[in-house]
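Chemist: For reference, the file query35.json (JSON, C-alpha atoms and all ligand atoms) is included below:
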```
[["chain", "number", "residue", "atom", "x", "y", "z"],
["A", 191, "MET", "CA", 94.87, 142.55, 86.88],
["A", 192, "LEU", "CA", 92.83, 139.36, 86.86],
["A", 193, "GLU", "CA", 92.97, 138.96, 83.04],
["A", 194, "LYS", "CA", 96.76, 139.55, 83.15],
["A", 195, "PHE", "CA", 97.05, 136.86, 85.83],
["A", 196, "SER", "CA", 94.92, 134.42, 83.85],
["A", 197, "LYS", "CA", 97.07, 135.03, 80.72],
["A", 198, "TRP", "CA", 100.16, 134.28, 82.83],
["A", 199, "LYS", "CA", 98.41, 131.26, 84.31],
["A", 200, "SER", "CA", 97.39, 129.95, 80.87],
["A", 201, "SER", "CA", 101.02, 130.21, 79.74],
["A", 202, "LEU", "CA", 101.82, 127.74, 82.49],
["A", 203, "THR", "CA", 99.23, 125.16, 81.54],
["A", 204, "PRO", "CA", 100.19, 122.62, 78.83],
["A", 205, "THR", "CA", 99.23, 123.04, 75.19],
["A", 206, "LYS", "CA", 97.19, 120.09, 73.97],
["A", 207, "THR", "CA", 99.51, 117.13, 73.98],
["A", 208, "ASP", "CA", 99.77, 115.80, 70.45],
["A", 209, "GLY", "CA", 101.66, 112.71, 71.56],
["A", 210, "LYS", "CA", 104.46, 113.50, 69.10],
["A", 211, "LEU", "CA", 106.75, 114.86, 71.83],
["A", 212, "GLU", "CA", 110.44, 114.08, 71.46],
["A", 213, "LEU", "CA", 112.44, 113.74, 74.69],
["A", 214, "ASP", "CA", 116.21, 113.91, 74.77],
["A", 215, "PRO", "CA", 117.05, 110.78, 76.80],
["A", 216, "ALA", "CA", 120.31, 112.37, 77.93],
["A", 217, "ALA", "CA", 118.53, 115.38, 79.47],
["A", 218, "VAL", "CA", 115.84, 113.68, 81.53],
["A", 219, "PRO", "CA", 115.47, 115.45, 84.91],
["A", 220, "ARG", "CA", 117.20, 113.37, 87.61],
["A", 221, "HIS", "CA", 114.68, 114.27, 90.34],
["A", 222, "VAL", "CA", 111.01, 115.05, 89.58],
["A", 223, "ALA", "CA", 108.74, 116.10, 92.46],
["A", 224, "ILE", "CA", 104.96, 116.11, 92.02],
["A", 225, "ILE", "CA", 102.32, 117.79, 94.20],
["A", 226, "MET", "CA", 99.40, 115.50, 93.34],
["A", 227, "ASP", "CA", 96.36, 117.72, 93.76],
["A", 228, "GLY", "CA", 92.79, 117.56, 92.49],
["A", 229, "ASN", "CA", 91.33, 114.20, 93.55],
["A", 230, "GLY", "CA", 88.48, 115.77, 95.50],
["A", 231, "ARG", "CA", 87.61, 118.31, 92.79],
["A", 232, "TRP", "CA", 87.68, 115.60, 90.14],
["A", 233, "ALA", "CA", 85.20, 113.49, 92.12],
["A", 234, "LYS", "CA", 82.96, 116.51, 92.78],
["A", 235, "GLN", "CA", 82.90, 117.44, 89.07],
["A", 236, "LYS", "CA", 81.78, 113.89, 88.26],
["A", 237, "GLY", "CA", 79.24, 113.80, 91.07],
["A", 238, "LEU", "CA", 81.22, 110.94, 92.66],
["A", 239, "PRO", "CA", 82.26, 110.47, 96.31],
["A", 240, "ARG", "CA", 85.73, 111.88, 97.14],
["A", 241, "ILE", "CA", 86.98, 108.35, 97.64],
["A", 242, "ALA", "CA", 86.45, 107.71, 93.90],
["A", 243, "GLY", "CA", 88.89, 110.56, 93.23],
["A", 244, "HIS", "CA", 91.51, 108.93, 95.42],
["A", 245, "ARG", "CA", 90.93, 105.56, 93.74],
["A", 246, "GLU", "CA", 91.48, 107.12, 90.31],
["A", 247, "GLY", "CA", 94.43, 109.03, 91.73],
["A", 248, "MET", "CA", 96.10, 105.79, 92.71],
["A", 249, "LYS", "CA", 95.86, 104.46, 89.15],
["A", 250, "VAL", "CA", 97.68, 107.59, 87.99],
["A", 251, "VAL", "CA", 100.40, 107.05, 90.62],
["A", 252, "ASN", "CA", 101.02, 103.64, 89.05],
["A", 253, "LYS", "CA", 101.19, 105.01, 85.50],
["A", 254, "ILE", "CA", 103.56, 107.85, 86.37],
["A", 255, "VAL", "CA", 105.87, 105.65, 88.47],
["A", 256, "ARG", "CA", 106.17, 103.28, 85.50],
["A", 257, "ARG", "CA", 106.77, 106.11, 83.00],
["A", 258, "ALA", "CA", 109.36, 107.84, 85.24],
["A", 259, "ASN", "CA", 111.21, 104.54, 85.61],
["A", 260, "GLU", "CA", 111.09, 103.93, 81.83],
["A", 261, "LEU", "CA", 112.46, 107.41, 81.13],
["A", 262, "GLY", "CA", 115.36, 106.93, 83.54],
["A", 263, "VAL", "CA", 114.28, 109.48, 86.16],
["A", 264, "GLU", "CA", 116.44, 108.77, 89.25],
["A", 265, "VAL", "CA", 114.12, 110.11, 91.98],
["A", 266, "LEU", "CA", 110.36, 110.62, 91.88],
["A", 267, "THR", "CA", 108.97, 112.41, 94.94],
["A", 268, "LEU", "CA", 105.20, 112.19, 95.35],
["A", 269, "TYR", "CA", 103.36, 114.54, 97.68],
["A", 270, "ALA", "CA", 99.72, 113.70, 98.13],
["A", 271, "PHE", "CA", 98.63, 117.25, 98.77],
["A", 272, "SER", "CA", 95.88, 116.92, 101.26],
["A", 273, "THR", "CA", 94.28, 119.24, 103.71],
["A", 274, "GLU", "CA", 94.77, 118.07, 107.26],
["A", 275, "ASN", "CA", 93.12, 114.73, 107.82],
["A", 276, "TRP", "CA", 91.02, 116.04, 110.66],
["A", 277, "LYS", "CA", 89.09, 118.18, 108.15],
["A", 278, "ARG", "CA", 88.08, 115.04, 106.27],
["A", 279, "PRO", "CA", 85.08, 112.78, 107.07],
["A", 280, "LYS", "CA", 86.13, 109.66, 109.00],
["A", 281, "THR", "CA", 85.13, 107.38, 106.10],
["A", 282, "GLU", "CA", 87.60, 109.18, 103.85],
["A", 283, "VAL", "CA", 90.46, 109.08, 106.37],
["A", 284, "ASP", "CA", 89.84, 105.37, 106.95],
["A", 285, "TYR", "CA", 89.93, 104.81, 103.18],
["A", 286, "LEU", "CA", 93.16, 106.82, 102.81],
["A", 287, "MET", "CA", 94.82, 104.88, 105.60],
["A", 288, "LYS", "CA", 93.98, 101.63, 103.81],
["A", 289, "LEU", "CA", 95.29, 102.89, 100.45],
["A", 290, "PRO", "CA", 98.99, 102.34, 101.17],
["A", 291, "GLU", "CA", 98.42, 98.66, 101.99],
["A", 292, "ARG", "CA", 96.28, 98.23, 98.90],
["A", 293, "PHE", "CA", 98.82, 100.05, 96.73],
["A", 294, "LEU", "CA", 101.79, 98.14, 98.12],
["A", 295, "GLY", "CA", 99.91, 94.83, 98.18],
["A", 296, "MET", "CA", 99.32, 95.15, 94.44],
["A", 297, "GLU", "CA", 102.43, 97.03, 93.40],
["A", 298, "LEU", "CA", 105.29, 95.81, 95.60],
["A", 299, "PRO", "CA", 106.03, 92.73, 93.44],
["A", 300, "LYS", "CA", 106.12, 94.94, 90.32],
["A", 301, "LEU", "CA", 108.24, 97.57, 92.11],
["A", 302, "MET", "CA", 110.67, 94.79, 93.07],
["A", 303, "GLU", "CA", 110.77, 93.55, 89.46],
["A", 304, "GLU", "CA", 111.50, 97.08, 88.26],
["A", 305, "ASN", "CA", 114.25, 97.52, 90.86],
["A", 306, "VAL", "CA", 112.39, 100.51, 92.41],
["A", 307, "LYS", "CA", 113.43, 101.62, 95.91],
["A", 308, "VAL", "CA", 110.59, 102.91, 98.13],
["A", 309, "ARG", "CA", 111.66, 105.76, 100.42],
["A", 310, "LEU", "CA", 109.70, 107.93, 102.86],
["A", 311, "MET", "CA", 110.06, 111.60, 103.73],
["A", 312, "GLY", "CA", 108.11, 113.06, 106.66],
["A", 313, "SER", "CA", 106.63, 111.61, 109.77],
["A", 314, "LEU", "CA", 104.98, 108.23, 109.96],
["A", 315, "ASP", "CA", 103.66, 108.73, 113.47],
["A", 316, "HIS", "CA", 100.19, 109.68, 112.23],
["A", 317, "LEU", "CA", 99.79, 106.36, 110.43],
["A", 318, "PRO", "CA", 97.84, 103.50, 112.05],
["A", 319, "GLU", "CA", 99.78, 100.36, 112.95],
["A", 320, "HIS", "CA", 98.47, 98.30, 109.98],
["A", 321, "THR", "CA", 99.51, 101.02, 107.51],
["A", 322, "LEU", "CA", 102.89, 101.44, 109.19],
["A", 323, "ARG", "CA", 103.59, 97.71, 108.86],
["A", 324, "ALA", "CA", 102.85, 97.72, 105.10],
["A", 325, "VAL", "CA", 104.93, 100.83, 104.50],
["A", 326, "ASN", "CA", 107.92, 99.64, 106.53],
["A", 327, "LYS", "CA", 107.77, 96.25, 104.78],
["A", 328, "ALA", "CA", 107.97, 98.00, 101.38],
["A", 329, "VAL", "CA", 110.89, 100.18, 102.47],
["A", 330, "HIS", "CA", 112.71, 97.17, 103.89],
["A", 331, "GLU", "CA", 112.05, 94.84, 100.92],
["A", 332, "THR", "CA", 113.20, 97.42, 98.36],
["A", 333, "LYS", "CA", 116.13, 98.84, 100.35],
["A", 334, "ASP", "CA", 118.81, 97.22, 98.15],
["A", 335, "ASN", "CA", 117.17, 98.15, 94.83],
["A", 336, "THR", "CA", 119.21, 100.52, 92.71],
["A", 337, "GLY", "CA", 116.64, 101.81, 90.19],
["A", 338, "LEU", "CA", 114.15, 104.66, 90.54],
["A", 339, "ILE", "CA", 113.88, 106.00, 94.10],
["A", 340, "LEU", "CA", 110.14, 106.38, 94.81],
["A", 341, "ASN", "CA", 110.07, 108.95, 97.60],
["A", 342, "PHE", "CA", 106.70, 109.40, 99.33],
["A", 343, "ALA", "CA", 106.19, 112.60, 101.30],
["A", 344, "LEU", "CA", 104.02, 111.64, 104.23],
["A", 345, "ASN", "CA", 102.65, 114.23, 106.58],
["A", 346, "TYR", "CA", 105.53, 116.41, 105.37],
["A", 347, "GLY", "CA", 106.02, 120.12, 106.04],
["A", 348, "SER", "CA", 109.04, 122.05, 104.78],
["A", 349, "ARG", "CA", 109.14, 124.66, 107.55],
["A", 350, "PHE", "CA", 108.92, 121.89, 110.18],
["A", 351, "GLU", "CA", 111.78, 120.10, 108.39],
["A", 352, "MET", "CA", 113.93, 123.29, 108.40],
["A", 353, "VAL", "CA", 113.16, 124.08, 112.08],
["A", 354, "GLU", "CA", 114.20, 120.53, 113.04],
["A", 355, "ALA", "CA", 117.42, 120.92, 111.02],
["A", 356, "MET", "CA", 118.23, 124.23, 112.72],
["A", 357, "LYS", "CA", 117.62, 122.68, 116.16],
["A", 358, "GLU", "CA", 119.99, 119.80, 115.34],
["A", 359, "ILE", "CA", 122.65, 122.21, 114.13],
["A", 360, "ALA", "CA", 122.25, 124.44, 117.20],
["A", 361, "LEU", "CA", 122.66, 121.34, 119.37],
["A", 362, "LYS", "CA", 125.93, 120.47, 117.58],
["A", 363, "VAL", "CA", 127.20, 124.01, 118.14],
["A", 364, "GLU", "CA", 126.18, 123.81, 121.81],
["A", 365, "LYS", "CA", 128.07, 120.51, 122.15],
["A", 366, "GLY", "CA", 131.11, 122.10, 120.53],
["A", 367, "GLU", "CA", 130.91, 119.71, 117.55],
["A", 368, "LEU", "CA", 130.37, 122.66, 115.21],
["A", 369, "LYS", "CA", 131.34, 126.34, 115.10],
["A", 370, "PRO", "CA", 128.72, 128.87, 113.83],
["A", 371, "SER", "CA", 131.21, 129.85, 111.11],
["A", 372, "ASP", "CA", 131.12, 126.22, 109.87],
["A", 373, "ILE", "CA", 127.39, 126.45, 109.02],
["A", 374, "ASP", "CA", 126.80, 126.63, 105.25],
["A", 375, "ASP", "CA", 124.35, 125.21, 102.67],
["A", 376, "LYS", "CA", 125.91, 121.77, 102.92],
["A", 377, "VAL", "CA", 125.52, 121.64, 106.71],
["A", 378, "ILE", "CA", 121.84, 122.66, 106.46],
["A", 379, "GLU", "CA", 121.17, 120.18, 103.64],
["A", 380, "SER", "CA", 122.79, 117.33, 105.55],
["A", 381, "ASN", "CA", 120.23, 117.88, 108.33],
["A", 382, "LEU", "CA", 117.16, 117.87, 106.04],
["A", 383, "MET", "CA", 115.06, 114.77, 105.31],
["A", 384, "THR", "CA", 116.45, 114.87, 101.76],
["A", 385, "ALA", "CA", 120.11, 114.70, 102.87],
["A", 386, "ASP", "CA", 120.75, 111.70, 100.61],
["A", 387, "LEU", "CA", 118.87, 113.07, 97.56],
["A", 388, "LYS", "CA", 119.75, 115.63, 94.87],
["A", 389, "ASP", "CA", 117.38, 118.63, 94.70],
["A", 390, "PRO", "CA", 114.35, 118.33, 92.40],
["A", 391, "ASP", "CA", 115.15, 119.50, 88.85],
["A", 392, "LEU", "CA", 111.44, 119.73, 88.03],
["A", 393, "LEU", "CA", 108.44, 120.38, 90.29],
["A", 394, "ILE", "CA", 105.00, 119.57, 88.86],
["A", 395, "ARG", "CA", 101.74, 120.60, 90.48],
["A", 396, "THR", "CA", 98.33, 119.59, 89.15],
["A", 397, "SER", "CA", 94.83, 121.08, 89.49],
["A", 398, "GLY", "CA", 95.66, 124.66, 88.69],
["A", 399, "GLU", "CA", 96.86, 125.73, 92.13],
["A", 400, "ILE", "CA", 99.95, 127.91, 91.73],
["A", 401, "ARG", "CA", 101.40, 127.52, 95.23],
["A", 402, "LEU", "CA", 104.18, 125.58, 96.90],
["A", 403, "SER", "CA", 102.08, 124.72, 100.00],
["A", 404, "ASN", "CA", 105.09, 124.40, 102.28],
["A", 405, "PHE", "CA", 106.61, 121.67, 100.07],
["A", 406, "MET", "CA", 110.43, 121.25, 99.82],
["A", 407, "LEU", "CA", 110.94, 125.05, 100.03],
["A", 408, "TRP", "CA", 114.73, 124.79, 100.48],
["A", 409, "GLN", "CA", 115.16, 122.05, 97.91],
["A", 410, "VAL", "CA", 113.23, 123.70, 95.04],
["A", 411, "ALA", "CA", 115.34, 126.92, 95.16],
["A", 412, "TYR", "CA", 116.64, 126.22, 91.63],
["A", 413, "SER", "CA", 113.93, 123.86, 90.32],
["A", 414, "GLU", "CA", 111.87, 124.38, 87.17],
["A", 415, "PHE", "CA", 108.17, 124.62, 88.08],
["A", 416, "TRP", "CA", 105.45, 123.27, 85.79],
["A", 417, "PHE", "CA", 101.86, 123.95, 86.81],
["A", 418, "THR", "CA", 98.93, 122.40, 85.00],
["A", 419, "ASP", "CA", 95.17, 122.83, 85.33],
["A", 420, "VAL", "CA", 94.77, 119.07, 84.82],
["A", 421, "LEU", "CA", 93.32, 117.42, 87.92],
["A", 422, "TRP", "CA", 95.48, 114.59, 89.26],
["A", 423, "PRO", "CA", 93.07, 111.77, 88.30],
["A", 424, "ASP", "CA", 93.16, 113.07, 84.69],
["A", 425, "PHE", "CA", 96.96, 113.40, 84.64],
["A", 426, "ASN", "CA", 98.61, 110.89, 82.32],
["A", 427, "GLU", "CA", 101.89, 109.86, 80.71],
["A", 428, "GLU", "CA", 101.46, 112.43, 77.93],
["A", 429, "HIS", "CA", 101.17, 115.28, 80.47],
["A", 430, "PHE", "CA", 104.24, 113.90, 82.27],
["A", 431, "THR", "CA", 106.16, 113.74, 78.97],
["A", 432, "GLU", "CA", 105.01, 117.28, 78.11],
["A", 433, "ALA", "CA", 106.32, 118.57, 81.46],
["A", 434, "ILE", "CA", 109.70, 116.93, 80.86],
["A", 435, "SER", "CA", 109.82, 118.18, 77.26],
["A", 436, "ILE", "CA", 109.20, 121.77, 78.43],
["A", 437, "TYR", "CA", 111.80, 121.29, 81.18],
["A", 438, "GLN", "CA", 114.33, 120.20, 78.56],
["A", 439, "LYS", "CA", 113.63, 123.27, 76.40],
["A", 440, "ARG", "CA", 114.07, 125.58, 79.41],
["A", 441, "ALA", "CA", 117.11, 123.73, 80.76],
["A", 442, "ARG", "CA", 118.75, 124.04, 77.28],
["A", 443, "ARG", "CA", 118.16, 127.83, 77.38],
["A", 444, "PHE", "CA", 119.54, 127.99, 80.94],
["A", 445, "GLY", "CA", 122.59, 126.01, 79.85],
["A", 446, "GLY", "CA", 122.99, 128.05, 76.65],
["A", 447, "VAL", "CA", 122.94, 131.45, 78.53],
["A", 501, "LIG", "C1", 104.79, 104.35, 100.83],
["A", 501, "LIG", "C2", 103.37, 104.65, 100.37],
["A", 501, "LIG", "C3", 102.84, 103.55, 99.48],
["A", 501, "LIG", "O1", 102.56, 104.65, 101.54],
["A", 501, "LIG", "C4", 101.89, 105.79, 101.85],
["A", 501, "LIG", "C5", 101.64, 106.80, 100.96],
["A", 501, "LIG", "C6", 100.94, 107.92, 101.39],
["A", 501, "LIG", "C7", 100.59, 107.98, 102.71],
["A", 501, "LIG", "C8", 100.03, 109.24, 103.26],
["A", 501, "LIG", "N1", 98.71, 109.43, 102.67],
["A", 501, "LIG", "C9", 97.59, 108.70, 103.12],
["A", 501, "LIG", "C10", 97.33, 109.07, 104.57],
["A", 501, "LIG", "C11", 97.06, 110.53, 104.68],
["A", 501, "LIG", "N2", 98.07, 111.28, 105.05],
["A", 501, "LIG", "O2", 95.97, 110.96, 104.37],
["A", 501, "LIG", "C12", 98.59, 110.45, 101.84],
["A", 501, "LIG", "O3", 99.52, 111.22, 101.80],
["A", 501, "LIG", "C13", 97.40, 110.59, 101.00],
["A", 501, "LIG", "C14", 96.48, 111.61, 101.05],
["A", 501, "LIG", "N3", 95.62, 111.44, 100.04],
["A", 501, "LIG", "N4", 95.98, 110.31, 99.39],
["A", 501, "LIG", "C15", 95.21, 109.81, 98.22],
["A", 501, "LIG", "C16", 95.96, 110.13, 96.98],
["A", 501, "LIG", "C17", 96.15, 109.14, 96.04],
["A", 501, "LIG", "C18", 96.79, 109.45, 94.84],
["A", 501, "LIG", "C19", 97.24, 110.74, 94.62],
["A", 501, "LIG", "C20", 97.08, 111.71, 95.59],
["A", 501, "LIG", "C21", 96.44, 111.42, 96.79],
["A", 501, "LIG", "C22", 97.08, 109.76, 99.94],
["A", 501, "LIG", "C23", 97.77, 108.57, 99.52],
["A", 501, "LIG", "C24", 97.57, 107.40, 100.21],
["A", 501, "LIG", "C25", 98.27, 106.24, 99.80],
["A", 501, "LIG", "C26", 99.10, 106.30, 98.73],
["A", 501, "LIG", "S1", 100.05, 105.05, 98.03],
["A", 501, "LIG", "C27", 100.67, 106.07, 96.79],
["A", 501, "LIG", "C28", 100.16, 107.33, 96.94],
["A", 501, "LIG", "C29", 99.28, 107.49, 98.03],
["A", 501, "LIG", "C30", 98.60, 108.65, 98.41],
["A", 501, "LIG", "C31", 100.81, 106.98, 103.60],
["A", 501, "LIG", "C32", 101.51, 105.86, 103.18]]
```
Let me see the structure of the file written as structure tokens.

Modeler:
Amino acid sequence: MLEKFSKWKSSLTPTKTDGKLELDPAAVPRHVAIIMDGNGRWAKQKGLPRIAGHREGMKVVNKIVRRANELGVEVLTLYAFSTENWKRPKTEVDYLMKLPERFLGMELPKLMEENVKVRLMGSLDHLPEHTLRAVNKAVHETKDNTGLILNFALNYGSRFEMVEAMKEIALKVEKGELKPSDIDDKVIESNLMTADLKDPDLLIRTSGEIRLSNFMLWQVAYSEFWFTDVLWPDFNEEHFTEAISIYQKRARRFGGV
């Protein structure tokens, strides 16, 4: 069983990228969602502190945001897959909570130049005041941009999101604003945190984990999944291009019956 699984798993990981990948600009996925996983393992493999993995991970966020924008991706959702913060040492949590300010401090001018709109999905209430200020400033400053939507999943859980949606819908029924027979996909979707976004066409997850980890479970119902053993800090534009190239080959098959 194990060797069968590993064969299946290896079929999911990318062949060596030879850099000669052709992308069809007309068939770029509109919404790409990435579960960025592997910072800690990368640091451990290199005998570095976990924080070094996050620092490298941030550089990759920059590269992939740029590449997605260049390729004409409309929405890029980034989910920093992380075990609950309380499991982390305080030094690491403090570092993580400073990362958004550092990232935005450096990147916001460039994001403005590139007409990128910063959007959040999830709950901000776990963020310290100083982080919240930086994040809200970025959302506010970029709110009128019309280019790539850079959607950060913060403290996000899909089942929580769906329970909240069902509560809101039940409340509307209770208030007589809605009949149970009115409830359909559209009504559910309009109560999710992604109400204003199209579903992801492509979901990428790094570091070899083949799990959804309670991420956008409703929204990825029809998405192409691309899993790679590459750890997030080692992920680069070529891997991103490879994922999109494979998506295009699959999407063509899907389209062509
Ligand atoms: C609008 C955006 C700029 O601001 C925010 C963004 C995220 C958060 C939430 N956040 C940090 C707090 C927490 N939950 O631990 C994480 O999700 C988290 C957990 N690991 N890593 C390191 C990591 C870095 C790179 C790749 C994966 C993980 C991150 C992290 C922290 C800051 C940034 S900035 C771009 C990505 C990113 C990722 C809060 C505000």

Chemist: Where does chain A meet ligand LIG 501 (chain A) within 6 Å, residue by residue, with the nearest atom pair and distance in Å to one decimal for each, counting only C-alpha atoms and all ligand atoms, listed by chain and rising number, as a Markdown table?

Modeler:
```
| residue | atom | partner | partner_atom | distance |
| --- | --- | --- | --- | --- |
| A:Met226 | CA | A:LIG501 | C20 | 5.0 |
| A:His244 | CA | A:LIG501 | C17 | 4.7 |
| A:Gly247 | CA | A:LIG501 | C18 | 3.9 |
| A:Met248 | CA | A:LIG501 | C18 | 4.3 |
| A:Ala270 | CA | A:LIG501 | C20 | 4.2 |
| A:Ser272 | CA | A:LIG501 | C14 | 5.3 |
| A:Asn275 | CA | A:LIG501 | O2 | 5.9 |
| A:Leu286 | CA | A:LIG501 | C9 | 4.8 |
| A:Met287 | CA | A:LIG501 | C10 | 5.0 |
| A:Leu289 | CA | A:LIG501 | C25 | 4.5 |
| A:Pro290 | CA | A:LIG501 | C25 | 4.2 |
| A:Phe293 | CA | A:LIG501 | S1 | 5.3 |
| A:Leu294 | CA | A:LIG501 | C3 | 5.7 |
| A:Val325 | CA | A:LIG501 | C1 | 5.1 |
| A:Phe342 | CA | A:LIG501 | C1 | 5.6 |
| A:Leu344 | CA | A:LIG501 | C8 | 4.8 |
| A:Asn345 | CA | A:LIG501 | N2 | 5.7 |
```

Chemist: Could you please determine the separation between CA of Leu407 (chain A) and CA of Arg220 (chain A) in Å, to one decimal place?

Modeler: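 One can read the CA of Leu407 (chain A) to CA of Arg220 (chain A) distance as 18.2 Å.
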
Chemist: Got a sec to check which residues sit within 6 Å of (109.6, 108.6, 95.2), counting only C-alpha atoms, and write them as a JSON list (two decimals) with C-alpha atoms, keeping the file's coordinate frame?

Modeler:
```
[["chain", "number", "residue", "atom", "x", "y", "z"],
["A", 265, "VAL", "CA", 114.12, 110.11, 91.98],
["A", 266, "LEU", "CA", 110.36, 110.62, 91.88],
["A", 267, "THR", "CA", 108.97, 112.41, 94.94],
["A", 268, "LEU", "CA", 105.20, 112.19, 95.35],
["A", 339, "ILE", "CA", 113.88, 106.00, 94.10],
["A", 340, "LEU", "CA", 110.14, 106.38, 94.81],
["A", 341, "ASN", "CA", 110.07, 108.95, 97.60],
["A", 342, "PHE", "CA", 106.70, 109.40, 99.33]]
```

Chemist: Near Ser397 (chain A), within 10 Å and counting all atoms listed in the file, which residues show up once chain neighbours fewer than 6 positions away are dropped, as a list in words?

Modeler: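 In the requested form, the answer reads Thr203, Ile225, Met226, Asp227, Gly228, Asn229, Arg231, Trp232, Phe417, Thr418, Asp419, Val420, Leu421, Trp422, Pro423, Asp424 and Phe425 of chain A.
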
Chemist: Could you please determine the separation between CA of Ala360 (chain A) and CA of Asp315 (chain A) in Å, to one decimal place?

Modeler: 24.6 Å

Chemist: I'd like the contact shell of Lys327 (chain A) - 10 Å cut-off, only C-alpha atoms, skipping same-chain residues fewer than 5 positions apart - returned as a list in words.

Modeler: Leu294, Leu298, Val308, Thr321, Leu322, Thr332 and Lys333 of chain A

Chemist: Enter the distance from CA of Ile359 (chain A) to CA of Arg401 (chain A), in Å, rounded to one decimal.

Modeler: 28.9 Å
